[in-house]
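J.: I'd like to ask you about the structure that follows.
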Amino acid sequence: MTELAGNRSLVTPGEILSKGMESLPGFGTFRDGDFIRASFLGLSDIKGRLVNVIPLSGKYIPKKDDPIIGIVKDVRFSNWEIEINSPYTAVMMISEASNGYIDTNREPLSKYFDVGDTVLCKIKNVEENMNIHVTVRAPGMRKLNDGKVIEVKSSKIPRIIGKSASMVKMIKEYTGSNVFVGQNGRVWVSGGNEALAIKVIKTIEQQAHTSGLTDKIKTILEAEGDGRRKTEISD
Amino acid sequence: MIGDLTKKNIIDSVKTGVRIDGRKIDEFRPIKIETGVVTKAEGSAMVELGKSKVIVGIKMGIGEPFSDRPDQGVLMTNAELTAMSANEFEPGPPSPDAIELARVIDRAIRESKVIDLEKLCVKKGEQVWMIFVDIYTINADGNIFDAGVLGAFAALATAKIPVLKDGVVDREAAAKKSLPLDGKVVSTTFAKLGDKIVVDPIRKEELSMEARLTIGVKDGNIVSLQKGGEGGFNKKELEEMFERSLKHSKALLKTLG
Amino acid sequence: MAEERPKYLIKAGKRLDGRKPGDARPMKIETGVIENAEGSAMVEFGKTKVVAAVYGPRDIHPKHMMRSNRTLVRARYDMLPFSVEDRKRPGPGRREREISKVLSETLNTAVFVEKFPRTAIDVFISVIQADASTRVAGLNAASVAMADAGLPMRDLVVSTSFGKIHDEKGKGHMVVDVFKPEDNWGMADIAYAKLPNLDKYVLLQMDGNVTKDEFFKGLEMADKSLDDIYKAQVAALKKKYMEGSK
């Protein structure tokens with residue numbers, strides 16, 4: 001049990017990643033005396049002196065500025081409770097619900113967002129005790145009235161986005177769909193070839209840990225789509 | 001939690017004739033039944049209905065008959081929607097949903113008279129066989145009713161009655177005798193989504209449905225019914241479901257071998 | 001029905017099922033058996049068969065259990081009614097509650113609980129078939145299920161049992177991984193668990209009668225068996241992600 005796991009290898013909690021004090025424990029690792037050990041089932045990722053483990057599963061933990069998709073759980077006196085597919089529910093204050101002024105004396109809050117509504121929003125703030133605040137006062141954020149929301153494992157979201165958003169861009173170009181990838185494991189697909197877009201997103205989720213994924217997805221999109229087009233849709 | 005947008009998607013897709021999981025309106029999910037999964041039980045079965053997975057075990061013992069049925073064995077059906085099988089289920093005593101599930105499965109087995117309870121009398125008024133059917137969800141993704149009936153029947157059909165020695169169960173002796181069964185029973189569950197009725201709903205469809213109907217069928221006859229949900233059906237819809245359930249029951253019987 | 005105590009449980013170095021003292025029963029570990037769960041595993045030790053599922057971190061109910069600085073790992077051990085010879089009444093009794101408590105404490109030692117304040121991690125352990133050593137089989141399943149769920153852990157938890165059983169002359173012998181007759185008629189049995197990399201014992205329960213030397217002799221044998229269990233846990237976890245990567 002004292003062998004070192006190499007870089008980009010599959011590791012389990014407690015496994016030794018490095019020995020000696022010159023390495024630094026990064027994300028998903030911890031120091032145990034002379035050793036740095038993995039704290040997740042994941043892939044080891046050694047960058048110079050920094051030793052990380054990228055988890056292969058797990059729930060979404062909110063981070064400031066993450067774009068996410070929430071569902072309104074409750075309308076309260078001066079805010080909304082938003083379910084965000086995470087261990088924690090979020091709060092949206094009145095001041096974060098609109099660019100304009102909301103007069104609670106004149107109209108009920110449910111006119112803006114009602115229980116069951118699906119909302120594209122952004123994590124505004126994560127307090128130390130994990131009180132989460134979200135906002136729709138950011139470009140593109142709003143209540144959804146059309147399209148489909150699918151759920152995927154949040155640990156697979158980086159693969160769906162791809163390096164510099166290359167994967168999601170490719171999906172948009174081949175399907176003509178508008179695609180919004182929420183960091184919390186919810187993806188919104190609207191317009192164009194929705195069925196194909198959903199199919200490839202599910203494929204990416206299932207094969208996220210395999211190599212050559214971009215080519216595989218491109219092959220599916222080329223075979224089943226009606227060709228690539230330039231998209232005007234931005235992220 | 002599923003949002004209203006997803007509920008709308010579910011109902012919209014039913015309108016187009018293709019459900020969100022790609023099935024047709026009148027299509028069951030694939031069924032896999034494995035019996036003998038718990039060798040300590042008198043009978044057992046693991047049923048997979050799509051992603052729904054239930055395990056059923058049969059235990060038998062000797063007990064006193066009910067005073068109004070002194071010459072009949074006793075059937076006890078218990079079901080649990082385990083907290084293990086879905087995020088929304090809570091641990092603790094059986095919920096109303098679990099109790100309904102147990103009673104619906106019990107009714108299909110009991111009213112179809114597939115078990116000849118009279119043959120399970122040992123000594124009239126004193127000793128009869130007690131048959132315990134325990135149904136536990138392992139992964140719950142909708143329509144536990146039909147999966148439960150399939151599992152309960154498959155477990156009963158493969159159960160062996162323990163040997164009785166001087167009125168006491170001898171578990172050391174090899175049990176060889178099967179239960180006295182007469183025919184087979186299956187059930188078919190429907191969910192109303194918008195103005196369409198789908199068979200074998202997945203959990204997301206159940207969360208979006210107006211009403212539900214479970215129909216128990218034996219030999220082409222209806223032996224039990226249970227309507228659930230906060231909506232209703234009209235007469236034409238009932239006729240349609242009865243018809244469809246008879247057709248499905250033939251296919252379901254085949255999965256029981 | 002009360003059986004009679006066998007004249008011996010071990011004779012000429014062979015146990016009733018043919019095993020040598022240090023042998024564990026055939027073992028099987030499989031992950032990802034419950035789709036709805038964040039993580040899950042099934043473990044078989046001979047005829048003992050358990051399944052574990054992990055949900056969370058998630059909202060904690062009842063609210064008074066909430067801790068502002070940490071999550072609570074809550075194990076719930078349950079024996080299904082048909083898992084034993086005579087049907088067990090559904091729901092947890094005193095035995096199950098006690099086991100759930102010690103298993104919860106054991107699992108908490110492995111998790112970085114401070115990462116998820118105000119939440120619970122629920123670990124459900126169901127015994128599908130009981131042939132002794134169910135709680136330790138359950139811990140192994142829970143450990144794999146928790147790693148599968150992507151929880152931050154300092155180590156896996158590996159667990160087994162050992163015991164003391166009599167030969168035809170009534171002399172005690174230490175053995176690993178007790179099964180039902182040894183549990184019923186043995187002179188002692190010990191359930192324990194360890195964080196294998198950190199070399200820490202995190203569960204220890206015993207009933208019976210042993211000398212200090214017997215205990216440590218048994219522990220040494222059982223620790224060897226834990227090495228195999230640890231390897232099987234790691235292999236089961238890695239298998240899920242190796243498949244299809246070709």
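Ordered as shown in the structure tokens, chains take letters A, B, and onward, while each chain numbers its residues from 1 and ligands are numbered from 1 in the order shown.
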Please list as a VMD selection string every residue within 10 Å of stretch 106-108 of chain B, counting only C-alpha atoms and excluding residues in the same chain fewer than 3 positions away.
T.: chain B and resid 75 to 79 100 to 103 111 to 114 133 148 to 149 152 to 153 185 to 187 214 to 218 222 to 226
J.: Print the selection's residues with C-alpha atoms to a file, as a PDB file, in the first residue's frame.
T.:
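Full text of part16.pdb as output:
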```pdb
ATOM      1  CA  LEU B  75     -51.859 -14.859   3.375  1.00  0.00           C
ATOM      2  CA  MET B  76     -50.037 -11.745   4.617  1.00  0.00           C
ATOM      3  CA  THR B  77     -48.670  -9.231   2.139  1.00  0.00           C
ATOM      4  CA  ASN B  78     -46.286  -6.494   3.167  1.00  0.00           C
ATOM      5  CA  ALA B  79     -44.605  -3.965   0.894  1.00  0.00           C
ATOM      6  CA  GLU B 100     -51.729   0.931  -0.663  1.00  0.00           C
ATOM      7  CA  LEU B 101     -49.110  -0.901  -2.720  1.00  0.00           C
ATOM      8  CA  ALA B 102     -49.190  -3.898  -0.358  1.00  0.00           C
ATOM      9  CA  ARG B 103     -52.958  -4.017  -0.380  1.00  0.00           C
ATOM     10  CA  GLU B 111     -59.072 -12.346  -5.190  1.00  0.00           C
ATOM     11  CA  SER B 112     -57.679 -14.293  -8.118  1.00  0.00           C
ATOM     12  CA  LYS B 113     -57.605 -17.310  -5.784  1.00  0.00           C
ATOM     13  CA  VAL B 114     -54.313 -18.396  -7.325  1.00  0.00           C
ATOM     14  CA  VAL B 133     -45.154 -12.177   1.038  1.00  0.00           C
ATOM     15  CA  GLY B 148     -44.698  -6.296  -7.308  1.00  0.00           C
ATOM     16  CA  VAL B 149     -47.461  -8.552  -8.610  1.00  0.00           C
ATOM     17  CA  ALA B 152     -45.037 -11.946  -5.735  1.00  0.00           C
ATOM     18  CA  PHE B 153     -46.453 -14.469  -8.146  1.00  0.00           C
ATOM     19  CA  VAL B 185     -52.319 -13.574 -12.011  1.00  0.00           C
ATOM     20  CA  VAL B 186     -50.784 -10.388 -13.401  1.00  0.00           C
ATOM     21  CA  SER B 187     -51.660  -6.712 -13.212  1.00  0.00           C
ATOM     22  CA  THR B 214     -54.283  -0.883 -11.752  1.00  0.00           C
ATOM     23  CA  ILE B 215     -56.158  -3.870 -13.173  1.00  0.00           C
ATOM     24  CA  GLY B 216     -55.512  -7.408 -11.923  1.00  0.00           C
ATOM     25  CA  VAL B 217     -56.258 -10.103 -14.492  1.00  0.00           C
ATOM     26  CA  LYS B 218     -56.593 -13.859 -14.290  1.00  0.00           C
ATOM     27  CA  ILE B 222     -60.674  -8.821 -14.002  1.00  0.00           C
ATOM     28  CA  VAL B 223     -59.948  -9.802 -10.410  1.00  0.00           C
ATOM     29  CA  SER B 224     -58.948  -6.511  -8.814  1.00  0.00           C
ATOM     30  CA  LEU B 225     -59.026  -2.789  -9.449  1.00  0.00           C
ATOM     31  CA  GLN B 226     -57.448   0.223  -7.855  1.00  0.00           C
TER      32      GLN B 226
END
```
J.: Would you mind listing what lies within 12 Å of B:Asp170 as a PyMOL selection string, with only C-alpha atoms counted and same-chain residues fewer than 3 positions away left out?
T.: (chain B and resi 60-62+161-167+173-175) or (chain C and resi 1-3+85-86)
J.: Considering only C-alpha atoms, extract the chain B residues located within 8 Å of chain C and return them as a list in words.
T.: Val38, Thr39, Lys40, Ala41, Lys51, Gly57, Ile58, Lys59, Met60, Gly61, Ala83, Met84, Ser85, Ala86, Asn87, Gly92, Pro93, Asp134, Ile138, Asn139, Ala140, Val168, Val169, Asp170 and Arg171 of chain B
J.: Take the residues that were just selected and, keeping C-alpha atoms, output them as a compact mmCIF listing (two decimals), in the first residue's frame.
T.:
```txt
# COMPACT_ATOMS: atom_id res chain seq x y z
CA VAL B 38 -32.66 -15.73 -1.59
CA THR B 39 -32.11 -19.38 -0.80
CA LYS B 40 -33.01 -18.85 2.89
CA ALA B 41 -36.51 -17.82 1.87
CA LYS B 51 -35.16 0.65 -14.11
CA GLY B 57 -39.39 -13.11 -0.51
CA ILE B 58 -41.84 -15.71 0.76
CA LYS B 59 -41.62 -17.06 4.30
CA MET B 60 -43.97 -19.67 5.74
CA GLY B 61 -44.78 -20.67 9.26
CA ALA B 83 -35.58 4.75 1.48
CA MET B 84 -32.81 2.92 -0.36
CA SER B 85 -34.76 2.88 -3.61
CA ALA B 86 -35.41 6.58 -4.25
CA ASN B 87 -34.34 9.97 -2.92
CA GLY B 92 -39.62 4.66 8.99
CA PRO B 93 -42.92 2.82 9.18
CA ASP B 134 -42.64 -9.36 1.56
CA ILE B 138 -34.45 -1.80 -4.53
CA ASN B 139 -34.71 0.93 -7.17
CA ALA B 140 -38.03 2.68 -7.67
CA VAL B 168 -43.33 -27.91 14.12
CA VAL B 169 -41.47 -26.56 11.11
CA ASP B 170 -38.24 -28.48 10.50
CA ARG B 171 -36.00 -26.23 8.44
```
J.: Considering only C-alpha atoms, extract the chain B residues located within 10 Å of chain A and return them as JSON, numbers by chain.
T.: {"B": [1, 2, 3, 4, 5, 6, 7, 8, 9, 10]}
J.: Could the residues in this selection be written to a file with N, CA and C atoms, as a CSV table (one decimal), in the first residue's frame?
T.:
```
chain,number,residue,atom,x,y,z
B,1,MET,N,-36.7,16.7,-7.6
B,1,MET,CA,-37.9,17.6,-7.9
B,1,MET,C,-38.0,17.8,-9.4
B,2,ILE,N,-39.2,17.7,-10.0
B,2,ILE,CA,-39.4,18.0,-11.4
B,2,ILE,C,-40.2,19.2,-11.6
B,3,GLY,N,-39.7,20.1,-12.5
B,3,GLY,CA,-40.4,21.4,-12.7
B,3,GLY,C,-41.6,21.2,-13.6
B,4,ASP,N,-42.4,22.3,-13.6
B,4,ASP,CA,-43.6,22.3,-14.5
B,4,ASP,C,-43.2,22.2,-16.0
B,5,LEU,N,-42.1,22.7,-16.3
B,5,LEU,CA,-41.6,22.6,-17.7
B,5,LEU,C,-41.5,21.1,-18.1
B,6,THR,N,-40.8,20.4,-17.2
B,6,THR,CA,-40.7,18.9,-17.5
B,6,THR,C,-42.0,18.2,-17.5
B,7,LYS,N,-42.9,18.6,-16.6
B,7,LYS,CA,-44.3,18.0,-16.6
B,7,LYS,C,-44.9,18.3,-18.0
B,8,LYS,N,-44.8,19.5,-18.4
B,8,LYS,CA,-45.4,19.9,-19.7
B,8,LYS,C,-44.7,19.1,-20.9
B,9,ASN,N,-43.4,18.9,-20.8
B,9,ASN,CA,-42.7,18.1,-21.8
B,9,ASN,C,-43.2,16.7,-21.8
B,10,ILE,N,-43.5,16.1,-20.6
B,10,ILE,CA,-44.0,14.7,-20.5
B,10,ILE,C,-45.3,14.6,-21.2
```
J.: Hey, list the chain C side of the contact with chain A: 9 Å cut-off, only C-alpha atoms, answer as number ranges by chain.
T.: C: 38-39, 56-59, 68-69, 111-112, 116-120, 147-156, 195-198, 234, 237-238, 241-242, 244-246
J.: I need the alpha helix (DSSP H) residues of stretch 18-203 of chain B per DSSP on the backbone, written as an mmCIF file with N, CA and C atoms, in the first residue's frame.
T.:
```cif
data_model
loop_
_atom_site.group_PDB
_atom_site.id
_atom_site.type_symbol
_atom_site.label_atom_id
_atom_site.label_comp_id
_atom_site.auth_asym_id
_atom_site.auth_seq_id
_atom_site.Cartn_x
_atom_site.Cartn_y
_atom_site.Cartn_z
ATOM 1 N N PRO B 96 -48.470 5.726 3.615
ATOM 2 C CA PRO B 96 -49.739 5.368 2.979
ATOM 3 C C PRO B 96 -49.541 4.771 1.580
ATOM 4 N N ASP B 97 -48.583 5.302 0.816
ATOM 5 C CA ASP B 97 -48.319 4.763 -0.520
ATOM 6 C C ASP B 97 -47.876 3.302 -0.447
ATOM 7 N N ALA B 98 -47.024 2.989 0.535
ATOM 8 C CA ALA B 98 -46.528 1.612 0.666
ATOM 9 C C ALA B 98 -47.648 0.677 1.113
ATOM 10 N N ILE B 99 -48.514 1.188 1.982
ATOM 11 C CA ILE B 99 -49.631 0.367 2.449
ATOM 12 C C ILE B 99 -50.605 0.098 1.300
ATOM 13 N N GLU B 100 -50.866 1.136 0.507
ATOM 14 C CA GLU B 100 -51.729 0.931 -0.663
ATOM 15 C C GLU B 100 -51.107 -0.112 -1.593
ATOM 16 N N LEU B 101 -49.811 0.042 -1.843
ATOM 17 C CA LEU B 101 -49.110 -0.901 -2.720
ATOM 18 C C LEU B 101 -49.288 -2.336 -2.224
ATOM 19 N N ALA B 102 -49.069 -2.553 -0.926
ATOM 20 C CA ALA B 102 -49.190 -3.898 -0.358
ATOM 21 C C ALA B 102 -50.605 -4.427 -0.540
ATOM 22 N N ARG B 103 -51.572 -3.562 -0.307
ATOM 23 C CA ARG B 103 -52.958 -4.017 -0.380
ATOM 24 C C ARG B 103 -53.404 -4.284 -1.812
ATOM 25 N N VAL B 104 -52.883 -3.500 -2.752
ATOM 26 C CA VAL B 104 -53.240 -3.731 -4.159
ATOM 27 C C VAL B 104 -52.648 -5.064 -4.641
ATOM 28 N N ILE B 105 -51.418 -5.325 -4.243
ATOM 29 C CA ILE B 105 -50.791 -6.588 -4.630
ATOM 30 C C ILE B 105 -51.511 -7.754 -3.936
ATOM 31 N N ASP B 106 -51.813 -7.561 -2.665
ATOM 32 C CA ASP B 106 -52.528 -8.585 -1.904
ATOM 33 C C ASP B 106 -53.865 -8.921 -2.568
ATOM 34 N N ARG B 107 -54.570 -7.886 -2.977
ATOM 35 C CA ARG B 107 -55.887 -8.097 -3.582
ATOM 36 C C ARG B 107 -55.789 -8.917 -4.873
ATOM 37 N N ALA B 108 -54.785 -8.603 -5.679
ATOM 38 C CA ALA B 108 -54.630 -9.347 -6.939
ATOM 39 C C ALA B 108 -54.383 -10.831 -6.649
ATOM 40 N N ILE B 109 -53.523 -11.116 -5.662
ATOM 41 C CA ILE B 109 -53.185 -12.509 -5.330
ATOM 42 C C ILE B 109 -54.394 -13.201 -4.682
ATOM 43 N N ARG B 110 -55.020 -12.514 -3.730
ATOM 44 C CA ARG B 110 -56.104 -13.120 -2.947
ATOM 45 C C ARG B 110 -57.363 -13.328 -3.790
ATOM 46 N N GLU B 111 -57.792 -12.267 -4.489
ATOM 47 C CA GLU B 111 -59.072 -12.346 -5.190
ATOM 48 C C GLU B 111 -59.006 -13.234 -6.428
ATOM 49 N N ILE B 144 -44.481 0.273 -9.441
ATOM 50 C CA ILE B 144 -44.063 -0.807 -8.542
ATOM 51 C C ILE B 144 -45.208 -1.822 -8.414
ATOM 52 N N PHE B 145 -46.433 -1.366 -8.723
ATOM 53 C CA PHE B 145 -47.593 -2.266 -8.647
ATOM 54 C C PHE B 145 -47.389 -3.519 -9.501
ATOM 55 N N ASP B 146 -47.159 -3.292 -10.783
ATOM 56 C CA ASP B 146 -47.078 -4.444 -11.694
ATOM 57 C C ASP B 146 -45.813 -5.267 -11.428
ATOM 58 N N ALA B 147 -44.718 -4.572 -11.110
ATOM 59 C CA ALA B 147 -43.479 -5.285 -10.781
ATOM 60 C C ALA B 147 -43.699 -6.140 -9.539
ATOM 61 N N GLY B 148 -44.430 -5.585 -8.554
ATOM 62 C CA GLY B 148 -44.698 -6.296 -7.308
ATOM 63 C C GLY B 148 -45.562 -7.521 -7.520
ATOM 64 N N VAL B 149 -46.595 -7.397 -8.344
ATOM 65 C CA VAL B 149 -47.461 -8.552 -8.610
ATOM 66 C C VAL B 149 -46.666 -9.645 -9.340
ATOM 67 N N LEU B 150 -45.874 -9.230 -10.317
ATOM 68 C CA LEU B 150 -45.041 -10.210 -11.040
ATOM 69 C C LEU B 150 -44.098 -10.924 -10.067
ATOM 70 N N GLY B 151 -43.459 -10.148 -9.208
ATOM 71 C CA GLY B 151 -42.500 -10.710 -8.260
ATOM 72 C C GLY B 151 -43.177 -11.612 -7.250
ATOM 73 N N ALA B 152 -44.316 -11.152 -6.732
ATOM 74 C CA ALA B 152 -45.037 -11.946 -5.735
ATOM 75 C C ALA B 152 -45.460 -13.277 -6.341
ATOM 76 N N PHE B 153 -46.013 -13.207 -7.558
ATOM 77 C CA PHE B 153 -46.453 -14.469 -8.146
ATOM 78 C C PHE B 153 -45.267 -15.385 -8.480
ATOM 79 N N ALA B 154 -44.215 -14.816 -9.050
ATOM 80 C CA ALA B 154 -43.044 -15.633 -9.412
ATOM 81 C C ALA B 154 -42.435 -16.289 -8.171
ATOM 82 N N ALA B 155 -42.420 -15.552 -7.056
ATOM 83 C CA ALA B 155 -41.862 -16.104 -5.815
ATOM 84 C C ALA B 155 -42.778 -17.196 -5.262
ATOM 85 N N LEU B 156 -44.081 -16.969 -5.305
ATOM 86 C CA LEU B 156 -45.032 -17.982 -4.831
ATOM 87 C C LEU B 156 -44.950 -19.254 -5.680
ATOM 88 N N ALA B 157 -44.811 -19.043 -6.984
ATOM 89 C CA ALA B 157 -44.820 -20.191 -7.908
ATOM 90 C C ALA B 157 -43.587 -21.072 -7.716
ATOM 91 N N THR B 158 -42.503 -20.502 -7.197
ATOM 92 C CA THR B 158 -41.286 -21.293 -7.021
ATOM 93 C C THR B 158 -41.040 -21.644 -5.550
ATOM 94 N N ARG B 203 -41.492 6.853 -13.093
ATOM 95 C CA ARG B 203 -41.741 7.745 -11.953
ATOM 96 C C ARG B 203 -42.085 9.169 -12.385
#
```
J.: Within stretch 70-150 of chain B, find each residue whose DSSP state, derived from the backbone, is strand (DSSP E or B), and express the selection as a JSON list (two decimals) with C-alpha atoms, in the first residue's frame.
T.:
```json
[["chain", "number", "residue", "atom", "x", "y", "z"],
["B", 74, "VAL", "CA", -53.38, -17.16, 5.98],
["B", 75, "LEU", "CA", -51.86, -14.86, 3.38],
["B", 76, "MET", "CA", -50.04, -11.75, 4.62],
["B", 77, "THR", "CA", -48.67, -9.23, 2.14],
["B", 78, "ASN", "CA", -46.29, -6.49, 3.17],
["B", 79, "ALA", "CA", -44.61, -3.97, 0.89],
["B", 80, "GLU", "CA", -42.06, -1.26, 1.55],
["B", 115, "ILE", "CA", -53.41, -19.84, -3.92],
["B", 121, "CYS", "CA", -54.98, -26.05, 6.58],
["B", 122, "VAL", "CA", -53.04, -28.40, 8.85],
["B", 123, "LYS", "CA", -55.56, -28.87, 11.65],
["B", 127, "GLN", "CA", -53.00, -24.96, 12.79],
["B", 128, "VAL", "CA", -52.70, -23.53, 9.30],
["B", 129, "TRP", "CA", -49.84, -22.36, 7.10],
["B", 130, "MET", "CA", -49.13, -18.64, 7.24],
["B", 131, "ILE", "CA", -47.70, -17.29, 4.02],
["B", 132, "PHE", "CA", -45.81, -14.04, 4.27],
["B", 133, "VAL", "CA", -45.15, -12.18, 1.04],
["B", 134, "ASP", "CA", -42.64, -9.36, 1.56],
["B", 135, "ILE", "CA", -42.05, -6.94, -1.29],
["B", 136, "TYR", "CA", -39.14, -4.51, -1.08],
["B", 137, "THR", "CA", -38.13, -1.91, -3.65],
["B", 138, "ILE", "CA", -34.45, -1.80, -4.53],
["B", 139, "ASN", "CA", -34.71, 0.93, -7.17]]
```
J.: Do you have the atom CA of A:Pro139-atom CA of A:Val126 distance handy?
T.: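 We find that atom CA of A:Pro139 and atom CA of A:Val126 lie 19.9 Å from each other.
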J.: If I take atom CA of B:Asp12 and atom CA of A:Lys172, how far is one from the other in Å, to one decimal?
T.: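 A separation of 23.2 Å between them.
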J.: So what do you get for atom CA of A:Gly185 versus atom CA of A:Glu151, distance-wise?
T.: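 These atoms are spaced 5.7 Å apart.
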J.: Extract, using only C-alpha atoms, all DNA, RNA and protein residues at most 10 Å from stretch 193-200 of chain A, discarding same-chain residues fewer than 5 positions from it, and format them as JSON, numbers by chain.
T.: {"A": [147, 148, 149, 150, 160, 168, 171, 172, 174, 175, 176, 177, 178, 179, 187, 188, 205, 206, 216, 217, 218, 220, 221, 224, 225, 226]}
J.: Neighbours of B:Lys250 within 10 Å (only C-alpha atoms; same-chain residues fewer than 3 positions away dropped), as a VMD selection string?
T.: chain B and resid 186 217 to 220 245 to 247 253 to 255
